[in-house]
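Q: This one is coords_2.cif, mmCIF, C-alpha atoms.
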```cif
data_query
#
loop_
_atom_site.group_PDB
_atom_site.id
_atom_site.type_symbol
_atom_site.label_atom_id
_atom_site.label_comp_id
_atom_site.auth_asym_id
_atom_site.auth_seq_id
_atom_site.Cartn_x
_atom_site.Cartn_y
_atom_site.Cartn_z
ATOM 1 C CA MET A 131 65.416 -62.757 181.498
ATOM 2 C CA PRO A 132 63.005 -60.766 179.273
ATOM 3 C CA GLU A 133 63.378 -61.251 175.531
ATOM 4 C CA PHE A 134 65.709 -58.735 173.876
ATOM 5 C CA GLN A 135 63.815 -55.972 172.109
ATOM 6 C CA PRO A 136 65.732 -54.468 169.168
ATOM 7 C CA PHE A 137 63.636 -51.283 169.290
ATOM 8 C CA LEU A 138 63.047 -49.886 172.738
ATOM 9 C CA ILE A 139 62.089 -46.703 174.601
ATOM 10 C CA THR A 140 63.196 -47.008 178.208
ATOM 11 C CA HIS A 141 63.729 -45.109 181.450
ATOM 12 C CA GLN A 142 66.633 -47.433 182.281
ATOM 13 C CA PRO A 143 70.302 -46.604 181.577
ATOM 14 C CA LEU A 144 71.432 -47.861 178.170
ATOM 15 C CA ASP A 145 74.072 -50.539 177.573
ATOM 16 C CA PRO A 146 75.382 -51.171 174.054
ATOM 17 C CA ALA A 147 76.513 -54.762 174.707
ATOM 18 C CA PRO A 148 73.139 -56.494 174.189
ATOM 19 C CA LEU A 149 72.491 -54.495 170.997
ATOM 20 C CA VAL A 150 75.872 -55.449 169.559
ATOM 21 C CA ALA A 151 75.349 -59.084 170.554
ATOM 22 C CA TYR A 152 71.973 -59.026 168.805
ATOM 23 C CA ALA A 153 73.276 -57.403 165.605
ATOM 24 C CA GLN A 154 76.600 -59.174 165.190
ATOM 25 C CA ALA A 155 76.521 -62.141 162.793
ATOM 26 C CA PRO A 156 79.083 -64.218 160.878
ATOM 27 C CA THR A 157 77.695 -62.892 157.571
ATOM 28 C CA ASP A 158 78.350 -59.285 158.579
ATOM 29 C CA GLY A 159 81.911 -57.993 158.641
ATOM 30 C CA ALA A 160 80.992 -54.691 160.278
ATOM 31 C CA VAL A 161 78.996 -53.556 163.286
ATOM 32 C CA VAL A 162 78.709 -49.818 163.859
ATOM 33 C CA THR A 163 77.553 -48.445 167.200
ATOM 34 C CA PHE A 164 76.443 -44.831 167.432
ATOM 35 C CA THR A 165 76.109 -43.499 170.976
ATOM 36 C CA GLY A 166 74.294 -40.218 171.553
ATOM 37 C CA VAL A 167 75.457 -38.653 174.811
ATOM 38 C CA ALA A 168 73.911 -35.943 176.982
ATOM 39 C CA ARG A 169 76.300 -33.079 176.350
ATOM 40 C CA ASN A 170 77.298 -30.426 178.883
ATOM 41 C CA HIS A 171 76.785 -27.485 176.526
ATOM 42 C CA VAL A 172 74.650 -26.286 173.623
ATOM 43 C CA ALA A 173 76.120 -23.517 171.489
ATOM 44 C CA GLY A 174 78.371 -22.521 174.363
ATOM 45 C CA ARG A 175 75.592 -22.393 176.961
ATOM 46 C CA PRO A 176 76.146 -24.811 179.849
ATOM 47 C CA THR A 177 73.506 -27.518 180.397
ATOM 48 C CA ALA A 178 72.854 -29.054 183.808
ATOM 49 C CA SER A 179 70.827 -32.030 182.582
ATOM 50 C CA LEU A 180 68.645 -33.201 179.722
ATOM 51 C CA SER A 181 65.285 -34.861 179.681
ATOM 52 C CA TYR A 182 63.643 -36.827 176.920
ATOM 53 C CA GLU A 183 59.976 -37.528 176.426
ATOM 54 C CA ALA A 184 58.488 -39.957 173.922
ATOM 55 C CA TYR A 185 55.127 -40.910 172.516
ATOM 56 C CA ALA A 186 56.194 -44.437 173.314
ATOM 57 C CA GLU A 187 53.325 -46.329 171.663
ATOM 58 C CA MET A 188 54.185 -44.620 168.388
ATOM 59 C CA ALA A 189 57.951 -44.176 168.756
ATOM 60 C CA VAL A 190 58.714 -47.898 168.654
ATOM 61 C CA PRO A 191 56.818 -48.491 165.374
ATOM 62 C CA VAL A 192 58.518 -45.384 163.918
ATOM 63 C CA LEU A 193 61.942 -46.777 164.869
ATOM 64 C CA GLU A 194 60.965 -50.009 163.094
ATOM 65 C CA GLN A 195 59.877 -47.994 160.047
ATOM 66 C CA ILE A 196 63.204 -46.126 159.983
ATOM 67 C CA ALA A 197 65.120 -49.413 160.180
ATOM 68 C CA ALA A 198 63.053 -50.752 157.273
ATOM 69 C CA GLU A 199 63.881 -47.621 155.259
ATOM 70 C CA ALA A 200 67.598 -48.190 155.896
ATOM 71 C CA ALA A 201 67.296 -51.835 154.859
ATOM 72 C CA GLU A 202 65.750 -50.740 151.552
ATOM 73 C CA ARG A 203 68.667 -48.401 150.853
ATOM 74 C CA TRP A 204 71.667 -50.524 151.843
ATOM 75 C CA PRO A 205 72.445 -54.228 152.023
ATOM 76 C CA ILE A 206 72.611 -54.493 155.787
ATOM 77 C CA GLY A 207 72.026 -57.025 158.518
ATOM 78 C CA ARG A 208 70.360 -56.425 161.838
ATOM 79 C CA ILE A 209 69.577 -53.035 163.362
ATOM 80 C CA ALA A 210 68.847 -52.205 166.989
ATOM 81 C CA VAL A 211 67.869 -48.818 168.448
ATOM 82 C CA HIS A 212 67.364 -48.045 172.120
ATOM 83 C CA HIS A 213 66.326 -44.565 173.243
ATOM 84 C CA ARG A 214 66.319 -43.335 176.808
ATOM 85 C CA VAL A 215 63.547 -41.161 178.235
ATOM 86 C CA GLY A 216 63.296 -39.273 181.515
ATOM 87 C CA THR A 217 65.978 -37.110 183.089
ATOM 88 C CA LEU A 218 69.574 -37.813 182.096
ATOM 89 C CA ALA A 219 72.673 -36.598 183.850
ATOM 90 C CA ILE A 220 75.356 -35.015 181.682
ATOM 91 C CA GLY A 221 77.518 -37.735 180.155
ATOM 92 C CA GLU A 222 74.817 -40.406 180.164
ATOM 93 C CA THR A 223 73.800 -42.241 176.998
ATOM 94 C CA ALA A 224 70.608 -40.931 175.400
ATOM 95 C CA VAL A 225 70.425 -43.149 172.327
ATOM 96 C CA LEU A 226 72.123 -46.197 170.836
ATOM 97 C CA VAL A 227 71.980 -47.108 167.150
ATOM 98 C CA VAL A 228 73.656 -50.376 166.178
ATOM 99 C CA VAL A 229 73.827 -51.528 162.558
ATOM 100 C CA ALA A 230 75.481 -54.636 161.158
ATOM 101 C CA ALA A 231 76.374 -55.059 157.498
ATOM 102 C CA PRO A 232 78.611 -57.232 155.339
ATOM 103 C CA HIS A 233 80.870 -54.198 154.726
ATOM 104 C CA ARG A 234 81.711 -51.172 156.824
ATOM 105 C CA GLN A 235 80.646 -48.445 154.360
ATOM 106 C CA GLU A 236 77.052 -49.647 154.413
ATOM 107 C CA ALA A 237 77.088 -50.015 158.190
ATOM 108 C CA PHE A 238 78.391 -46.452 158.674
ATOM 109 C CA GLN A 239 75.996 -44.944 156.141
ATOM 110 C CA ALA A 240 72.965 -46.800 157.448
ATOM 111 C CA ALA A 241 73.765 -45.886 161.062
ATOM 112 C CA ALA A 242 74.036 -42.207 160.105
ATOM 113 C CA TYR A 243 70.785 -42.425 158.148
ATOM 114 C CA VAL A 244 68.931 -44.066 161.035
ATOM 115 C CA MET A 245 70.117 -41.398 163.482
ATOM 116 C CA ASP A 246 69.193 -38.567 161.075
ATOM 117 C CA ARG A 247 65.715 -40.002 160.598
ATOM 118 C CA ILE A 248 65.213 -40.405 164.345
ATOM 119 C CA LYS A 249 65.919 -36.677 164.643
ATOM 120 C CA GLU A 250 63.422 -35.943 161.850
ATOM 121 C CA ILE A 251 60.379 -38.068 162.566
ATOM 122 C CA ALA A 252 60.623 -40.142 165.751
ATOM 123 C CA PRO A 253 58.171 -38.699 168.304
ATOM 124 C CA ILE A 254 60.859 -38.175 170.926
ATOM 125 C CA TRP A 255 61.589 -34.724 172.336
ATOM 126 C CA LYS A 256 64.580 -33.325 174.151
ATOM 127 C CA GLN A 257 64.423 -30.648 176.820
ATOM 128 C CA GLU A 258 67.574 -28.847 177.823
ATOM 129 C CA HIS A 259 67.814 -27.822 181.455
ATOM 130 C CA TRP A 260 70.257 -24.954 181.522
ATOM 131 C CA ALA A 261 72.776 -24.480 184.277
ATOM 132 C CA ASP A 262 71.022 -21.196 185.176
ATOM 133 C CA GLY A 263 67.782 -23.083 185.964
ATOM 134 C CA ALA A 264 65.767 -22.385 182.804
ATOM 135 C CA ALA A 265 64.505 -25.184 180.552
ATOM 136 C CA GLU A 266 63.772 -25.295 176.831
ATOM 137 C CA TRP A 267 62.413 -27.858 174.387
ATOM 138 C CA ARG A 268 64.740 -28.432 171.433
ATOM 139 C CA GLU A 269 62.720 -27.852 168.252
ATOM 140 C CA MET B 246 29.174 -35.872 166.839
ATOM 141 C CA ILE B 247 32.344 -37.861 167.440
ATOM 142 C CA THR B 248 34.583 -37.963 170.482
ATOM 143 C CA ILE B 249 38.341 -38.021 170.029
ATOM 144 C CA GLN B 250 41.265 -38.305 172.395
ATOM 145 C CA ILE B 251 44.110 -35.827 171.853
ATOM 146 C CA ARG B 252 47.671 -36.524 173.036
ATOM 147 C CA LEU B 253 49.962 -33.567 173.617
ATOM 148 C CA PHE B 254 53.708 -33.614 174.050
ATOM 149 C CA ALA B 255 56.661 -31.431 174.958
ATOM 150 C CA ALA B 256 56.036 -27.729 174.275
ATOM 151 C CA HIS B 257 52.429 -28.392 173.214
ATOM 152 C CA ARG B 258 51.677 -29.988 176.559
ATOM 153 C CA ASP B 259 53.326 -27.086 178.374
ATOM 154 C CA ILE B 260 51.160 -24.589 176.449
ATOM 155 C CA VAL B 261 47.870 -26.460 176.945
ATOM 156 C CA GLY B 262 48.787 -27.507 180.479
ATOM 157 C CA ARG B 263 47.577 -31.084 180.064
ATOM 158 C CA PRO B 264 48.937 -34.238 178.413
ATOM 159 C CA GLU B 265 45.547 -35.323 177.068
ATOM 160 C CA LEU B 266 42.261 -33.786 176.023
ATOM 161 C CA THR B 267 38.933 -35.320 175.129
ATOM 162 C CA LEU B 268 37.129 -33.351 172.468
ATOM 163 C CA ALA B 269 33.697 -33.618 170.841
ATOM 164 C CA GLN B 270 33.737 -32.724 167.155
ATOM 165 C CA PRO B 271 31.167 -32.734 164.377
ATOM 166 C CA ALA B 272 31.103 -35.873 162.243
ATOM 167 C CA GLY B 273 33.464 -35.444 159.284
ATOM 168 C CA ALA B 274 35.938 -33.269 161.202
ATOM 169 C CA THR B 275 39.503 -33.447 159.892
ATOM 170 C CA LEU B 276 42.810 -33.490 161.729
ATOM 171 C CA GLY B 277 43.602 -30.013 160.441
ATOM 172 C CA GLU B 278 40.282 -28.660 161.706
ATOM 173 C CA VAL B 279 40.906 -30.066 165.170
ATOM 174 C CA TRP B 280 44.342 -28.446 165.197
ATOM 175 C CA ALA B 281 42.782 -25.121 164.142
ATOM 176 C CA HIS B 282 40.242 -25.474 166.961
ATOM 177 C CA LEU B 283 43.031 -26.058 169.453
ATOM 178 C CA VAL B 284 44.961 -23.024 168.185
ATOM 179 C CA VAL B 285 41.890 -20.820 168.757
ATOM 180 C CA GLU B 286 41.692 -22.047 172.353
ATOM 181 C CA HIS B 287 45.456 -21.859 172.881
ATOM 182 C CA PRO B 288 46.877 -19.113 170.637
ATOM 183 C CA ALA B 289 50.444 -19.864 171.728
ATOM 184 C CA LEU B 290 50.174 -23.030 169.617
ATOM 185 C CA ALA B 291 49.898 -20.929 166.437
ATOM 186 C CA ARG B 292 53.649 -20.794 165.928
ATOM 187 C CA TYR B 293 53.630 -24.582 165.386
ATOM 188 C CA THR B 294 51.159 -24.444 162.506
ATOM 189 C CA GLY B 295 52.951 -25.776 159.423
ATOM 190 C CA ARG B 296 55.786 -27.219 161.538
ATOM 191 C CA LEU B 297 54.117 -30.153 163.239
ATOM 192 C CA LEU B 298 53.398 -33.738 162.286
ATOM 193 C CA PHE B 299 49.998 -35.344 162.731
ATOM 194 C CA ALA B 300 49.149 -38.876 163.793
ATOM 195 C CA VAL B 301 45.929 -40.832 164.166
ATOM 196 C CA ASN B 302 45.974 -44.044 166.178
ATOM 197 C CA GLN B 303 49.808 -43.998 166.254
ATOM 198 C CA GLN B 304 50.135 -43.659 162.456
ATOM 199 C CA PHE B 305 51.391 -40.546 160.686
ATOM 200 C CA ALA B 306 48.480 -38.875 158.940
ATOM 201 C CA ASP B 307 47.704 -35.962 156.663
ATOM 202 C CA PRO B 308 45.836 -32.908 158.024
ATOM 203 C CA THR B 309 43.006 -33.697 155.596
ATOM 204 C CA THR B 310 42.386 -37.055 157.328
ATOM 205 C CA VAL B 311 38.762 -37.422 158.427
ATOM 206 C CA LEU B 312 38.465 -38.486 162.052
ATOM 207 C CA HIS B 313 36.239 -41.163 163.513
ATOM 208 C CA ASP B 314 34.692 -41.698 166.903
ATOM 209 C CA GLY B 315 37.259 -42.951 169.407
ATOM 210 C CA ASP B 316 40.334 -41.949 167.379
ATOM 211 C CA GLU B 317 43.521 -41.089 169.236
ATOM 212 C CA VAL B 318 44.954 -37.947 167.682
ATOM 213 C CA ALA B 319 48.517 -36.784 168.321
ATOM 214 C CA PHE B 320 49.957 -33.409 167.416
ATOM 215 C CA ILE B 321 53.683 -33.940 167.176
ATOM 216 C CA PRO B 322 55.824 -30.854 167.708
ATOM 217 C CA PRO B 323 59.041 -30.645 165.692
ATOM 218 C CA VAL B 324 61.681 -32.992 167.010
ATOM 219 C CA SER B 325 64.748 -31.259 165.595
ATOM 220 C CA GLY B 326 63.612 -28.122 163.800
ATOM 221 C CA GLY B 327 64.067 -29.674 160.390
ATOM 222 C CA ALA B 328 61.243 -30.131 157.903
ATOM 223 C CA ALA B 329 60.220 -33.749 158.198
ATOM 224 C CA VAL B 330 59.663 -35.992 155.200
ATOM 225 C CA LEU B 331 57.565 -39.005 156.079
#
```
Please lay out the structure from this file as structure tokens.
A:
Amino acid sequence: MPEFQPFLITHQPLDPAPLVAYAQAPTDGAVVTFTGVARNHVAGRPTASLSYEAYAEMAVPVLEQIAAEAAERWPIGRIAVHHRVGTLAIGETAVLVVVAAPHRQEAFQAAAYVMDRIKEIAPIWKQEHWADGAAEWRE
Amino acid sequence: MITIQIRLFAAHRDIVGRPELTLAQPAGATLGEVWAHLVVEHPALARYTGRLLFAVNQQFADPTTVLHDGDEVAFIPPVSGGAAVL
């Protein structure tokens, strides 16, 4: 069994259970899980699939940096972030953000912050493959 | 002269047609100068000027950063359209 990595870029399907198990602790009364899902439409236009690409060597340290930023802003416990890359079918999980904290407000706020920052600075790109066959990078 | 490795991703890679480039540059070349060089060779990249992030050796960097022999440079296209604050 490989050691659990709290920050991971992977081609494998994502499962929240190991992230929650890692984050959950008796000192923390709240664990928030955010699941980003490959959606079947963007602004009304049907999508057939999504693909994600990452600068993996840099993305993992950036995820760690984002978690450190969150820990400076809120009193929180453990954070885990797993991001999928490659081609995802509609309905599959693209990203998991799990944050534990003594109280739920901090856990919710920190999870939202981490996800917002991933969208801002993590070197991970999404390409939408439209149902009509065209493809477009989300910028 | 210095030799640098350039990593390209997403739309940038589609425009250039390759995921990596090796480039010889004069000593003292900056990140911003290398980007400008690339835009001359691939004008379709111009629309990313002012909207991309720069990295050297997997660390975010300023366009004024002076490059060294063997550096890995990454031009990071916008990930969500928003203006990034590092």
Q: Give me the residues within 10 Å of Asp158 of chain A as a count of residues only, counting only C-alpha atoms and dropping any in the same chain fewer than 6 places off.
A: 10
Q: Specify as a PDB file with C-alpha atoms, keeping the file's coordinate frame each residue included when the PyMOL selection byres ((chain B and resi 249-257) around 7) is applied to this file.
A:
```pdb
ATOM      1  CA  TRP A 255      61.589 -34.724 172.336  1.00  0.00           C
ATOM      2  CA  TRP A 267      62.413 -27.858 174.387  1.00  0.00           C
TER       3      TRP A 267
ATOM      4  CA  ILE B 247      32.344 -37.861 167.440  1.00  0.00           C
ATOM      5  CA  THR B 248      34.583 -37.963 170.482  1.00  0.00           C
ATOM      6  CA  ARG B 258      51.677 -29.988 176.559  1.00  0.00           C
ATOM      7  CA  ASP B 259      53.326 -27.086 178.374  1.00  0.00           C
ATOM      8  CA  ILE B 260      51.160 -24.589 176.449  1.00  0.00           C
ATOM      9  CA  VAL B 261      47.870 -26.460 176.945  1.00  0.00           C
ATOM     10  CA  PRO B 264      48.937 -34.238 178.413  1.00  0.00           C
ATOM     11  CA  GLU B 265      45.547 -35.323 177.068  1.00  0.00           C
ATOM     12  CA  LEU B 266      42.261 -33.786 176.023  1.00  0.00           C
ATOM     13  CA  THR B 267      38.933 -35.320 175.129  1.00  0.00           C
ATOM     14  CA  LEU B 268      37.129 -33.351 172.468  1.00  0.00           C
ATOM     15  CA  ALA B 269      33.697 -33.618 170.841  1.00  0.00           C
ATOM     16  CA  LEU B 290      50.174 -23.030 169.617  1.00  0.00           C
ATOM     17  CA  ASP B 314      34.692 -41.698 166.903  1.00  0.00           C
ATOM     18  CA  GLY B 315      37.259 -42.951 169.407  1.00  0.00           C
ATOM     19  CA  ASP B 316      40.334 -41.949 167.379  1.00  0.00           C
ATOM     20  CA  GLU B 317      43.521 -41.089 169.236  1.00  0.00           C
ATOM     21  CA  VAL B 318      44.954 -37.947 167.682  1.00  0.00           C
ATOM     22  CA  ALA B 319      48.517 -36.784 168.321  1.00  0.00           C
ATOM     23  CA  PHE B 320      49.957 -33.409 167.416  1.00  0.00           C
ATOM     24  CA  ILE B 321      53.683 -33.940 167.176  1.00  0.00           C
ATOM     25  CA  PRO B 322      55.824 -30.854 167.708  1.00  0.00           C
TER      26      PRO B 322
END
```
Q: Run the PyMOL selection byres ((chain A) within 12 of (chain B)) on the file and write out the hits as number ranges by chain.
A: A: 181-192, 195-196, 199, 245-258, 265-269
Q: What is the atom CA of Ala224 of chain A-atom CA of Leu144 of chain A distance in Å, reported with one decimal?
A: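 Atom CA of Leu144 of chain A lies at a distance of 7.5 Å from atom CA of Ala224 of chain A.
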Q: Measuring atom to atom with all atoms listed in the file, identify which of A:Thr163, A:Gln135, A:Gln239, A:Thr217 is nearest to Ala200 of chain A.
A: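 With all atoms listed in the file as the atom set, the closest residue is A:Gln239.
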Q: So how far away is atom CA of Ala168 of chain A from atom CA of Ile220 of chain A, in Å?
A: 5.0 Å
Q: Here's the selection I'm unsure about, the PyMOL selection byres ((chain B and resi 246) around 6); applied to the file above, which residues does it give, as a list in words?
A: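 So the PyMOL selection byres ((chain B and resi 246) around 6) ends up selecting Ile247, Gln270, Pro271 and Ala272 of chain B.
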Q: Which distance in Å separates atom CA of Pro143 of chain A and atom CA of Glu236 of chain A, to one decimal?
A: 28.2 Å
Q: Of the candidates A:Phe134, A:Trp204, A:Tyr243, A:Phe164, which one gets nearest to Ala151 of chain A if we count all atoms listed in the file?
A: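 Between A:Phe134, A:Trp204, A:Tyr243, A:Phe164, the residue approaching Ala151 of chain A most closely is A:Phe134.
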Q: Give the answer as one residue: which of A:Ala155, A:Leu180, A:Leu149, A:Val161 has the shortest atom-to-atom distance to Val215 of chain A, using all atoms listed in the file?
A: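 The shortest atom-to-atom distance to Val215 of chain A comes from A:Leu180.
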Q: Just checking: using all atoms listed in the file, which residue out of B:Pro308, B:Thr275, B:Leu283, B:Gly262 ends up closest to Gly295 of chain B?
A: B:Pro308
Q: Kindly list the centre and edge lengths in Å, rounded to one decimal, for the axis-aligned box that covers all listed atoms of segment 204-217 of chain A plus 4 Å on each of its six sides, as lines of an AutoDock Vina configuration file.
A:
```
center_x = 68.0
center_y = -47.1
center_z = 167.5
size_x = 17.3
size_y = 27.9
size_z = 39.2
```
Q: With all atoms listed in the file as the atoms that count, which of A:Ala241, A:Ala153, A:Ala264, A:Ala147 lies nearest to Arg203 of chain A?
A: A:Ala241
Q: For Ser179 of chain A, which residue among A:Leu218, A:Gly263, A:Glu202, A:Leu138 is the nearest when counting all atoms listed in the file?
A: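 Answer, going by the shortest atom-to-atom distance: A:Leu218.
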Q: Could I get segment 246-259 of chain B rebuilt with N, CA and C atoms, written as a short mmCIF file (atom, residue, chain, number, x, y, z; two decimals), keeping the file's coordinate frame?
A:
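The result, written out as selection_22.cif:
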```cif
data_model
loop_
_atom_site.label_atom_id
_atom_site.label_comp_id
_atom_site.auth_asym_id
_atom_site.auth_seq_id
_atom_site.Cartn_x
_atom_site.Cartn_y
_atom_site.Cartn_z
N MET B 246 27.95 -36.28 166.15
CA MET B 246 29.17 -35.87 166.84
C MET B 246 30.09 -37.09 167.07
N ILE B 247 31.38 -36.81 167.09
CA ILE B 247 32.34 -37.86 167.44
C ILE B 247 33.16 -37.37 168.63
N THR B 248 33.71 -38.31 169.36
CA THR B 248 34.58 -37.96 170.48
C THR B 248 35.98 -38.49 170.18
N ILE B 249 36.96 -37.60 170.29
CA ILE B 249 38.34 -38.02 170.03
C ILE B 249 39.21 -37.73 171.24
N GLN B 250 40.28 -38.49 171.33
CA GLN B 250 41.26 -38.30 172.40
C GLN B 250 42.48 -37.62 171.77
N ILE B 251 42.96 -36.55 172.39
CA ILE B 251 44.11 -35.83 171.85
C ILE B 251 45.28 -36.01 172.80
N ARG B 252 46.43 -36.40 172.24
CA ARG B 252 47.67 -36.52 173.04
C ARG B 252 48.56 -35.33 172.71
N LEU B 253 49.11 -34.76 173.76
CA LEU B 253 49.96 -33.57 173.62
C LEU B 253 51.32 -33.84 174.25
N PHE B 254 52.35 -33.31 173.61
CA PHE B 254 53.71 -33.61 174.05
C PHE B 254 54.56 -32.36 174.10
N ALA B 255 55.59 -32.44 174.92
CA ALA B 255 56.66 -31.43 174.96
C ALA B 255 56.08 -30.02 175.07
N ALA B 256 56.47 -29.12 174.18
CA ALA B 256 56.04 -27.73 174.28
C ALA B 256 54.52 -27.60 174.15
N HIS B 257 53.89 -28.44 173.35
CA HIS B 257 52.43 -28.39 173.21
C HIS B 257 51.75 -28.66 174.56
N ARG B 258 52.26 -29.65 175.25
CA ARG B 258 51.68 -29.99 176.56
C ARG B 258 51.89 -28.84 177.55
N ASP B 259 53.06 -28.23 177.48
CA ASP B 259 53.33 -27.09 178.37
C ASP B 259 52.34 -25.95 178.10
#
```
